[in-house]
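Participant: Structure supplied as entry-v7.txt; contents: compact mmCIF, C-alpha atoms.
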```
# COMPACT_ATOMS: atom_id res chain seq x y z
CA MET M 1 0.00 0.00 0.00
CA THR M 2 2.87 2.37 0.78
CA ASP M 3 4.21 2.33 -2.80
CA ALA M 4 0.78 2.96 -4.37
CA PRO M 5 0.75 6.09 -6.52
CA LEU M 6 -1.38 9.02 -5.35
CA GLU M 7 -4.47 8.42 -7.44
CA PRO M 8 -7.03 11.24 -7.61
CA THR M 9 -9.82 8.71 -8.31
CA LEU M 10 -10.53 5.23 -7.01
CA ASP M 11 -10.76 2.11 -9.14
CA ALA M 12 -13.91 -0.01 -8.94
CA ALA M 13 -12.32 -2.76 -6.84
CA GLU M 14 -11.06 -0.32 -4.21
CA ARG M 15 -14.42 1.44 -4.12
CA SER M 16 -16.38 -1.73 -3.50
CA SER M 17 -13.87 -2.94 -0.93
CA ILE M 18 -14.19 0.30 1.05
CA ILE M 19 -17.99 0.25 0.80
CA ARG M 20 -18.13 -3.41 1.93
CA ASP M 21 -15.93 -2.77 4.98
CA SER M 22 -17.88 0.36 5.88
CA LEU M 23 -21.24 -1.42 5.70
CA GLY M 24 -19.88 -4.24 7.87
CA VAL M 25 -18.89 -1.78 10.59
CA GLY M 26 -22.20 0.05 10.10
CA VAL M 27 -24.32 -3.05 10.66
CA ALA M 28 -22.31 -4.22 13.68
CA THR M 29 -22.33 -0.78 15.33
CA GLY M 30 -25.88 0.20 14.41
CA ALA M 31 -27.22 -2.87 16.18
CA TYR M 32 -25.97 -1.45 19.53
CA GLY M 33 -28.87 0.95 19.20
CA VAL M 34 -31.21 -1.76 20.53
CA GLY M 35 -29.24 -1.71 23.77
CA PHE M 36 -29.37 2.07 23.95
CA GLY M 37 -33.11 2.20 23.28
CA ALA M 38 -33.89 -0.37 25.97
CA VAL M 39 -31.55 1.19 28.53
CA SER M 40 -32.86 4.71 27.89
CA VAL M 41 -36.53 3.91 28.53
CA ALA M 42 -35.42 1.84 31.54
CA ALA M 43 -33.76 5.04 32.83
CA GLY M 44 -37.12 6.80 32.66
CA LEU M 45 -36.84 8.69 29.37
CA SER M 46 -39.81 8.51 27.02
CA VAL M 47 -39.66 6.72 23.67
CA ALA M 48 -39.72 10.13 21.95
CA GLN M 49 -36.83 11.50 24.03
CA THR M 50 -34.88 8.31 23.37
CA CYS M 51 -35.39 8.56 19.60
CA VAL M 52 -34.53 12.29 19.54
CA LEU M 53 -31.27 11.52 21.35
CA SER M 54 -30.26 9.03 18.67
CA LEU M 55 -31.34 11.32 15.83
CA LEU M 56 -29.80 14.57 17.06
CA VAL M 57 -27.01 13.69 19.50
CA PHE M 58 -25.80 10.65 17.54
CA THR M 59 -22.69 9.78 19.51
CA GLY M 60 -23.20 6.63 21.55
CA ALA M 61 -21.12 7.23 24.67
CA SER M 62 -22.66 10.67 25.25
CA GLN M 63 -26.18 9.28 24.82
CA PHE M 64 -25.48 6.46 27.30
CA ALA M 65 -23.96 9.01 29.71
CA LEU M 66 -27.01 11.24 29.71
CA VAL M 67 -29.44 8.39 30.37
CA GLY M 68 -27.02 6.78 32.87
CA VAL M 69 -26.94 9.91 35.03
CA VAL M 70 -30.72 10.26 34.82
CA ALA M 71 -31.11 6.57 35.75
CA ALA M 72 -28.97 7.15 38.84
CA GLY M 73 -31.33 9.93 39.93
CA GLY M 74 -29.08 12.78 38.80
CA ALA M 75 -30.29 16.11 37.47
CA PRO M 76 -30.75 15.88 33.68
CA LEU M 77 -28.43 18.87 33.24
CA SER M 78 -25.53 17.08 35.01
CA GLY M 79 -26.21 14.27 32.57
CA ALA M 80 -25.97 16.76 29.71
CA MET M 81 -22.66 18.10 31.09
CA THR M 82 -21.24 14.57 31.26
CA ALA M 83 -22.45 13.90 27.72
CA LEU M 84 -20.81 17.08 26.43
CA LEU M 85 -17.50 16.27 28.14
CA LEU M 86 -17.54 12.86 26.43
CA GLY M 87 -18.43 14.59 23.16
CA THR M 88 -15.18 16.58 23.20
CA ARG M 89 -13.31 13.62 21.73
CA ASN M 90 -15.29 14.10 18.50
CA THR M 91 -13.69 17.56 18.26
CA LEU M 92 -10.27 15.90 18.21
CA TYR M 93 -11.47 13.47 15.55
CA GLY M 94 -12.63 16.49 13.54
CA LEU M 95 -9.21 18.13 13.75
CA ARG M 96 -7.64 14.93 12.42
CA MET M 97 -10.27 14.38 9.72
CA ALA M 98 -10.57 17.96 8.40
CA PRO M 99 -7.58 17.82 6.00
CA LEU M 100 -8.47 14.25 4.92
CA LEU M 101 -12.09 15.05 4.09
CA ALA M 102 -11.38 18.60 2.85
CA TRP M 103 -15.09 19.41 2.97
CA THR M 104 -16.54 22.94 2.90
CA GLY M 105 -20.06 24.39 2.98
CA TRP M 106 -23.09 22.11 3.30
CA ARG M 107 -20.99 18.94 2.96
CA ARG M 108 -19.09 19.86 6.11
CA VAL M 109 -22.32 20.82 7.91
CA LEU M 110 -23.87 17.41 7.07
CA GLY M 111 -20.67 15.41 7.49
CA ALA M 112 -20.09 16.80 10.98
CA HIS M 113 -23.21 15.03 12.25
CA VAL M 114 -21.73 11.57 11.53
CA LEU M 115 -18.27 12.43 12.89
CA ILE M 116 -18.00 9.64 15.49
CA ASP M 117 -15.55 6.94 16.68
CA GLU M 118 -16.31 4.45 13.91
CA SER M 119 -16.51 6.78 10.90
CA THR M 120 -13.18 8.32 11.98
CA ALA M 121 -11.56 4.93 12.52
CA MET M 122 -12.64 3.71 9.08
CA ALA M 123 -11.50 6.87 7.26
CA VAL M 124 -8.39 8.08 9.10
CA THR M 125 -6.04 5.49 7.59
CA ARG M 126 -6.98 6.19 3.94
CA GLU M 127 -4.32 7.65 1.68
CA SER M 128 -6.41 9.88 -0.56
CA VAL M 129 -9.28 12.33 -0.11
CA PRO M 130 -11.75 10.31 -2.26
CA ALA M 131 -11.00 7.12 -0.27
CA ALA M 132 -11.37 8.91 3.08
CA ARG M 133 -14.64 10.55 1.99
CA LEU M 134 -16.05 7.27 0.72
CA ALA M 135 -15.21 5.34 3.91
CA PHE M 136 -16.41 8.18 6.17
CA THR M 137 -19.70 8.68 4.33
CA TRP M 138 -20.65 5.01 4.02
CA THR M 139 -19.69 4.17 7.59
CA GLY M 140 -21.37 7.27 9.03
CA ALA M 141 -24.56 6.97 6.98
CA SER M 142 -25.05 3.23 7.52
CA ILE M 143 -24.55 3.60 11.28
CA PHE M 144 -26.91 6.57 11.37
CA VAL M 145 -29.75 4.69 9.65
CA LEU M 146 -29.34 1.46 11.62
CA TRP M 147 -28.61 3.13 14.98
CA ASN M 148 -31.87 5.07 14.74
CA LEU M 149 -33.99 2.10 13.62
CA ALA M 150 -32.45 -0.05 16.35
CA THR M 151 -32.98 2.65 18.99
CA ALA M 152 -36.67 2.89 18.15
CA ALA M 153 -37.03 -0.91 18.28
CA GLY M 154 -35.21 -1.14 21.62
CA ALA M 155 -37.19 1.74 23.13
CA VAL M 156 -40.58 0.37 22.10
CA ALA M 157 -39.67 -3.14 23.30
CA GLY M 158 -38.23 -1.81 26.56
CA ASN M 159 -41.34 0.28 27.14
CA ALA M 160 -43.61 -2.76 26.66
CA LEU M 161 -41.65 -4.79 29.22
CA GLY M 162 -42.69 -2.85 32.32
CA ASP M 163 -40.42 -2.58 35.37
CA PRO M 164 -36.88 -2.63 33.93
CA ARG M 165 -35.36 -4.04 37.14
CA THR M 166 -37.24 -7.31 36.66
CA TYR M 167 -35.26 -7.84 33.47
CA GLY M 168 -31.96 -6.65 34.93
CA LEU M 169 -31.88 -3.66 32.59
CA ASP M 170 -30.38 -1.51 35.36
CA ALA M 171 -27.41 -3.90 35.34
CA ALA M 172 -27.23 -3.54 31.55
CA VAL M 173 -26.32 0.17 31.88
CA GLY M 174 -23.11 -0.57 33.82
CA ALA M 175 -22.24 -3.35 31.37
CA ALA M 176 -22.72 -0.97 28.44
CA PHE M 177 -20.35 1.61 29.96
CA LEU M 178 -17.79 -1.11 30.69
CA ALA M 179 -17.97 -2.35 27.10
CA LEU M 180 -17.39 1.20 25.83
CA LEU M 181 -14.50 1.65 28.26
CA TRP M 182 -12.83 -1.72 27.62
CA PRO M 183 -10.91 -0.91 24.39
CA ARG M 184 -9.52 2.26 26.02
CA LEU M 185 -7.82 0.36 28.85
CA HIS M 186 -4.80 -0.64 26.73
CA SER M 187 -2.17 1.42 28.57
CA ARG M 188 -1.12 1.43 32.22
CA THR M 189 -1.81 5.19 32.48
CA ASN M 190 -5.38 4.68 31.30
CA GLN M 191 -5.91 1.80 33.74
CA VAL M 192 -4.68 3.90 36.66
CA VAL M 193 -6.85 6.85 35.58
CA GLY M 194 -9.86 4.53 35.30
CA VAL M 195 -9.44 3.09 38.79
CA ALA M 196 -8.77 6.52 40.32
CA ALA M 197 -11.80 8.05 38.59
CA ALA M 198 -14.07 5.25 39.82
CA ALA M 199 -12.69 5.71 43.36
CA VAL M 200 -13.22 9.50 43.30
CA ALA M 201 -16.77 9.09 42.01
CA LEU M 202 -17.72 6.54 44.67
CA GLY M 203 -15.92 8.55 47.35
CA VAL M 204 -18.17 11.57 46.81
CA VAL M 205 -21.42 9.61 46.23
CA PRO M 206 -22.53 10.09 49.88
CA LEU M 207 -21.72 13.82 49.83
CA VAL M 208 -22.99 15.39 46.59
CA PRO M 209 -26.16 15.22 44.46
CA ALA M 210 -26.47 12.32 42.00
CA GLY M 211 -24.78 13.07 38.68
CA VAL M 212 -22.04 15.19 40.25
CA PRO M 213 -19.76 12.22 41.20
CA VAL M 214 -19.22 11.44 37.50
CA LEU M 215 -18.32 15.06 36.75
CA ALA M 216 -15.95 15.10 39.75
CA ALA M 217 -14.15 12.13 38.21
CA ALA M 218 -13.30 14.26 35.16
CA ALA M 219 -10.85 16.10 37.45
CA VAL M 220 -8.79 12.90 37.53
CA ALA M 221 -8.31 13.18 33.76
CA LEU M 222 -7.23 16.82 34.12
CA ILE M 223 -4.72 16.06 36.88
CA ALA M 224 -3.35 12.96 35.13
CA GLY M 225 -3.01 14.85 31.84
CA VAL M 226 -0.89 17.53 33.52
CA LEU M 227 1.16 15.11 35.68
CA THR M 228 2.12 12.83 32.77
CA ARG M 229 3.66 15.80 30.95
CA GLY M 230 6.74 14.62 29.06
CA ALA M 231 5.85 10.95 29.42
CA ARG M 232 5.61 9.05 26.14
CA PRO M 233 2.18 7.51 25.62
CA MET G 1 -40.82 21.72 28.68
CA THR G 2 -39.45 19.26 31.21
CA ALA G 3 -35.87 19.30 32.50
CA THR G 4 -35.21 16.07 30.61
CA TRP G 5 -36.22 17.60 27.27
CA VAL G 6 -34.00 20.61 27.96
CA ALA G 7 -31.09 18.28 28.72
CA VAL G 8 -31.76 16.26 25.54
CA LEU G 9 -31.76 19.39 23.35
CA VAL G 10 -28.74 20.98 25.08
CA THR G 11 -26.81 17.74 24.57
CA ALA G 12 -27.88 17.58 20.92
CA ALA G 13 -26.83 21.16 20.17
CA GLY G 14 -23.59 20.91 22.14
CA CYS G 15 -22.48 17.56 20.71
CA TYR G 16 -23.14 18.77 17.15
CA LEU G 17 -21.16 21.98 17.69
CA LEU G 18 -18.27 19.98 19.18
CA LYS G 19 -18.19 17.87 16.00
CA LEU G 20 -18.54 20.81 13.60
CA GLY G 21 -15.93 22.79 15.57
CA GLY G 22 -13.37 20.02 15.11
CA LEU G 23 -13.89 20.07 11.34
CA SER G 24 -13.81 23.87 11.18
CA VAL G 25 -11.16 25.33 13.50
CA PRO G 26 -7.50 25.46 12.45
CA PRO G 27 -5.68 22.41 13.93
CA ARG G 28 -3.21 24.60 15.87
CA VAL G 29 -5.92 25.52 18.40
CA LEU G 30 -5.85 22.17 20.18
CA GLU G 31 -2.38 21.01 19.23
CA HIS G 32 -1.02 21.36 22.74
CA PRO G 33 0.25 17.97 24.04
CA VAL G 34 -1.29 18.42 27.50
CA ALA G 35 -4.68 19.32 25.96
CA GLU G 36 -4.49 16.28 23.70
CA ARG G 37 -3.67 13.96 26.59
CA ILE G 38 -6.46 15.32 28.77
CA ALA G 39 -8.92 14.94 25.89
CA ASP G 40 -7.76 11.33 25.53
CA LEU G 41 -8.13 10.63 29.27
CA ILE G 42 -11.55 12.27 29.76
CA PRO G 43 -13.52 9.37 28.21
CA VAL G 44 -11.54 6.89 30.33
CA ALA G 45 -12.26 8.80 33.56
CA LEU G 46 -15.92 9.48 32.81
CA LEU G 47 -16.74 5.96 31.61
CA SER G 48 -14.98 4.40 34.63
CA ALA G 49 -16.92 6.67 36.98
CA LEU G 50 -20.17 5.87 35.16
CA VAL G 51 -19.52 2.13 35.54
CA ALA G 52 -18.81 2.51 39.27
CA VAL G 53 -21.78 4.77 40.04
CA GLN G 54 -24.15 2.77 37.88
CA VAL G 55 -23.25 -0.55 39.50
CA VAL G 56 -22.90 0.15 43.24
CA ALA G 57 -24.52 3.52 44.00
CA ARG G 58 -28.16 3.83 45.02
CA GLY G 59 -28.96 7.41 45.90
CA HIS G 60 -26.28 8.40 48.39
CA GLU G 61 -25.47 4.84 49.43
CA ILE G 62 -23.09 2.18 48.17
CA VAL G 63 -25.06 -1.05 47.68
CA LEU G 64 -23.84 -4.42 46.43
CA ASP G 65 -26.71 -6.20 44.68
CA ALA G 66 -27.56 -8.07 41.47
CA ARG G 67 -26.05 -5.25 39.41
CA ALA G 68 -22.57 -6.13 40.72
CA LEU G 69 -23.15 -9.74 39.66
CA GLY G 70 -24.13 -8.44 36.22
CA LEU G 71 -20.89 -6.47 36.00
CA ILE G 72 -18.80 -9.55 36.84
CA VAL G 73 -20.55 -11.37 34.00
CA ALA G 74 -19.84 -8.40 31.71
CA VAL G 75 -16.12 -8.59 32.57
CA LEU G 76 -16.04 -12.32 31.80
CA LEU G 77 -17.86 -11.79 28.49
CA LEU G 78 -15.47 -8.97 27.50
CA LEU G 79 -12.50 -11.20 28.34
CA VAL G 80 -13.74 -13.77 25.82
CA ARG G 81 -14.33 -10.94 23.29
CA ALA G 82 -18.11 -11.30 23.19
CA PRO G 83 -19.94 -8.70 21.02
CA PHE G 84 -21.36 -5.55 22.64
CA LEU G 85 -24.99 -6.69 22.68
CA VAL G 86 -24.07 -10.07 24.23
CA VAL G 87 -22.19 -8.24 27.01
CA VAL G 88 -25.06 -5.82 27.71
CA PHE G 89 -27.91 -8.32 27.63
CA GLY G 90 -25.81 -11.08 29.26
CA ALA G 91 -25.31 -8.84 32.30
CA ALA G 92 -29.03 -8.02 32.33
CA LEU G 93 -30.01 -11.68 32.11
CA VAL G 94 -27.80 -12.73 35.02
CA ALA G 95 -29.02 -9.82 37.18
CA ALA G 96 -32.62 -10.73 36.38
CA LEU G 97 -32.03 -14.40 37.23
CA ALA G 98 -30.29 -13.43 40.48
CA ARG G 99 -33.36 -11.40 41.50
CA MET G 100 -35.66 -14.36 40.82
CA VAL G 101 -33.91 -16.70 43.27
```
Would you mind writing the structure in this file as structure tokens?

Facilitator:
Amino acid sequence: MTDAPLEPTLDAAERSSIIRDSLGVGVATGAYGVGFGAVSVAAGLSVAQTCVLSLLVFTGASQFALVGVVAAGGAPLSGAMTALLLGTRNTLYGLRMAPLLAWTGWRRVLGAHVLIDESTAMAVTRESVPAARLAFTWTGASIFVLWNLATAAGAVAGNALGDPRTYGLDAAVGAAFLALLWPRLHSRTNQVVGVAAAAVALGVVPLVPAGVPVLAAAAVALIAGVLTRGARP
Amino acid sequence: MTATWVAVLVTAAGCYLLKLGGLSVPPRVLEHPVAERIADLIPVALLSALVAVQVVARGHEIVLDARALGLIVAVLLLLVRAPFLVVVFGAALVAALARMV
């Protein structure tokens, strides 16, 4: 791949290979939406609120964070704060993707909505602008369609079930966060930050309103980021 | 409008602007190594805290119940590289079964 010439256009084989890979990721990721829909109505949000979250917020970890804080009895606005803090990583993805996508005007305005973990991961390694755009668009669009259909299905099913605790759906929320966290625990620094953040959050649970412990844990990231200055990741 | 709707719409507007901002601002703005590291660590810290609070907090108390059992199952499923939905609903299933006995 490294000795490939810089082609301004893609040949048919490369196009279909990128589209196939993107759809595969789209189907696998979009299906998570069932879990989000079920967990969100279990947290006490309505089916409409759940569907609007998937349509307009469209970044999984932030959506789970908002409903997780509400489920724990926190003020919805502390949930929103947590969701926005988690959403900052999409800004970093944007900085990395901007030169690769080279979009302006309405394309950028539309493209920004599907700027998430998976669309970035599928596009960031491409070696030309057309390849990056193709991977980003197909991954983002297929996840968007499936994530929203799956959310609606999960929310309606979850709503029909009745008391979510009977089905262990309150336990599903913690499992969902752990599954989102798992791939980020690759380095020792991240493991230490994770344990410290959990300890800080639980330490202040008896003292502050629900929702605030999670925000307090963000301080651990700030302190660790400053203290590891000069250390190689 | 209820507080939940306000939170939903604030999150929607904010998350979109965070995405659009990344695609629009010159890269130099956030190119500081400390800022980059903090941005990388924030999801780790927040998700860890969310796991902890979600699993053992009830109001202002720390409670060990079926949710903790569900989390142990989630860890085991992640160790064998089970897919996301298997992890989430596996934990729910075990917690539900534990409450039945």

Participant: Here's a test: counting only C-alpha atoms, identify every protein, DNA and RNA residue with an atom at most 8 Å from (-18.5, 28.0, 6.3) in the file's coordinate frame, and state them as a PyMOL selection string.

Facilitator: (chain M and resi 104-105) or (chain G and resi 24)

Participant: Please, which residues of chain G lie no more than 7 Å from chain M when the count uses only C-alpha atoms, and can they be set out as a PyMOL selection string?

Facilitator: chain G and resi 3-5+7-8+10-12+14-16+18-23+27+34+37-39+41-55+59-61+67+70-71+74+84-85+87-89+91-93+95-96

Participant: Report the distance between atom CA of Ile72 of chain G and atom CA of Ala98 of chain G in Å, rounded to one decimal place.

Facilitator: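 For atom CA of Ile72 of chain G relative to atom CA of Ala98 of chain G, the distance reads 12.7 Å.
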
Participant: Hey, can you check how far atom CA of Ile19 of chain M sits from atom CA of Phe136 of chain M?

Facilitator: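 Taking atom CA of Ile19 of chain M and atom CA of Phe136 of chain M, their separation equals 9.7 Å.
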
Participant: Would you mind telling me which residue in M:Gly37, M:Asn159, M:Thr120, M:Asp21 lies nearest to Gly140 of chain M when using only C-alpha atoms?

Facilitator: M:Thr120

Participant: Please indicate the distance in Å from atom CA of Ala13 of chain M to atom CA of Leu134 of chain M, rounded to one decimal place.

Facilitator: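 So the two atoms, atom CA of Ala13 of chain M and atom CA of Leu134 of chain M, lie 13.1 Å apart.
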
Participant: Leaving out Ala135 of chain M and any residue of its chain fewer than 3 positions from it, which residues lie within 8 Å of it when counting all atoms listed in the file, given as an mmCIF file with C-alpha atoms, keeping the file's coordinate frame?

Facilitator:
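Once written, selection_30.cif looks like this:
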```cif
data_model
loop_
_atom_site.group_PDB
_atom_site.id
_atom_site.type_symbol
_atom_site.label_atom_id
_atom_site.label_comp_id
_atom_site.auth_asym_id
_atom_site.auth_seq_id
_atom_site.Cartn_x
_atom_site.Cartn_y
_atom_site.Cartn_z
ATOM 1 C CA ILE M 18 -14.190 0.300 1.050
ATOM 2 C CA ILE M 19 -17.990 0.250 0.800
ATOM 3 C CA SER M 22 -17.880 0.360 5.880
ATOM 4 C CA SER M 119 -16.510 6.780 10.900
ATOM 5 C CA MET M 122 -12.640 3.710 9.080
ATOM 6 C CA ALA M 123 -11.500 6.870 7.260
ATOM 7 C CA ALA M 131 -11.000 7.120 -0.270
ATOM 8 C CA ALA M 132 -11.370 8.910 3.080
ATOM 9 C CA TRP M 138 -20.650 5.010 4.020
ATOM 10 C CA THR M 139 -19.690 4.170 7.590
#
```

Participant: Where atoms are absent from segment 81-91 of chain G, fill them in so it carries all heavy atoms, then output it as a CSV table (one decimal), keeping the file's coordinate frame.

Facilitator:
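result-v1.csv, freshly written:
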```csv
chain,number,residue,atom,x,y,z
G,81,ARG,N,-14.1,-11.7,24.5
G,81,ARG,CA,-14.3,-10.9,23.3
G,81,ARG,C,-15.7,-11.1,22.7
G,81,ARG,O,-16.0,-11.2,21.5
G,81,ARG,CB,-13.3,-11.3,22.2
G,81,ARG,CG,-11.9,-10.9,22.6
G,81,ARG,CD,-10.9,-11.5,21.6
G,81,ARG,NE,-9.5,-11.2,22.1
G,81,ARG,CZ,-8.9,-10.1,21.8
G,81,ARG,NH1,-9.5,-9.2,21.0
G,81,ARG,NH2,-7.7,-9.9,22.2
G,82,ALA,N,-16.7,-11.2,23.6
G,82,ALA,CA,-18.1,-11.3,23.2
G,82,ALA,C,-18.5,-10.0,22.6
G,82,ALA,O,-18.0,-8.9,23.0
G,82,ALA,CB,-19.0,-11.6,24.4
G,83,PRO,N,-19.5,-10.0,21.6
G,83,PRO,CA,-19.9,-8.7,21.0
G,83,PRO,C,-20.7,-7.8,22.0
G,83,PRO,O,-21.2,-8.4,23.0
G,83,PRO,CB,-20.9,-9.2,19.9
G,83,PRO,CG,-20.8,-10.6,19.8
G,83,PRO,CD,-20.1,-11.1,21.0
G,84,PHE,N,-20.8,-6.5,21.7
G,84,PHE,CA,-21.4,-5.6,22.6
G,84,PHE,C,-22.7,-6.0,23.2
G,84,PHE,O,-23.0,-5.9,24.4
G,84,PHE,CB,-21.5,-4.2,21.9
G,84,PHE,CG,-22.0,-3.1,22.7
G,84,PHE,CD1,-21.2,-2.3,23.5
G,84,PHE,CD2,-23.4,-2.8,22.6
G,84,PHE,CE1,-21.7,-1.2,24.2
G,84,PHE,CE2,-23.9,-1.7,23.3
G,84,PHE,CZ,-23.1,-0.9,24.1
G,85,LEU,N,-23.6,-6.4,22.2
G,85,LEU,CA,-25.0,-6.7,22.7
G,85,LEU,C,-25.0,-7.9,23.6
G,85,LEU,O,-25.9,-8.0,24.5
G,85,LEU,CB,-25.9,-6.9,21.5
G,85,LEU,CG,-26.3,-5.6,20.7
G,85,LEU,CD1,-27.2,-6.0,19.6
G,85,LEU,CD2,-27.1,-4.7,21.7
G,86,VAL,N,-24.1,-8.9,23.4
G,86,VAL,CA,-24.1,-10.1,24.2
G,86,VAL,C,-23.6,-9.6,25.6
G,86,VAL,O,-24.2,-10.1,26.6
G,86,VAL,CB,-23.1,-11.1,23.6
G,86,VAL,CG1,-22.9,-12.3,24.6
G,86,VAL,CG2,-23.6,-11.6,22.3
G,87,VAL,N,-22.7,-8.7,25.7
G,87,VAL,CA,-22.2,-8.2,27.0
G,87,VAL,C,-23.3,-7.5,27.8
G,87,VAL,O,-23.6,-7.8,28.9
G,87,VAL,CB,-21.0,-7.3,26.8
G,87,VAL,CG1,-20.6,-6.6,28.1
G,87,VAL,CG2,-19.8,-8.0,26.2
G,88,VAL,N,-24.0,-6.6,27.1
G,88,VAL,CA,-25.1,-5.8,27.7
G,88,VAL,C,-26.2,-6.7,28.2
G,88,VAL,O,-26.7,-6.6,29.3
G,88,VAL,CB,-25.6,-4.7,26.7
G,88,VAL,CG1,-26.8,-4.0,27.3
G,88,VAL,CG2,-24.4,-3.7,26.5
G,89,PHE,N,-26.7,-7.5,27.3
G,89,PHE,CA,-27.9,-8.3,27.6
G,89,PHE,C,-27.5,-9.5,28.5
G,89,PHE,O,-28.3,-10.0,29.3
G,89,PHE,CB,-28.7,-8.7,26.4
G,89,PHE,CG,-29.5,-7.5,25.8
G,89,PHE,CD1,-29.1,-6.9,24.6
G,89,PHE,CD2,-30.5,-6.9,26.5
G,89,PHE,CE1,-29.7,-5.8,24.1
G,89,PHE,CE2,-31.1,-5.8,26.0
G,89,PHE,CZ,-30.8,-5.2,24.8
G,90,GLY,N,-26.3,-10.0,28.4
G,90,GLY,CA,-25.8,-11.1,29.3
G,90,GLY,C,-25.8,-10.6,30.7
G,90,GLY,O,-26.3,-11.3,31.6
G,91,ALA,N,-25.3,-9.4,30.9
G,91,ALA,CA,-25.3,-8.8,32.3
G,91,ALA,C,-26.7,-8.7,32.8
G,91,ALA,O,-27.0,-9.0,34.0
G,91,ALA,CB,-24.6,-7.5,32.3
```
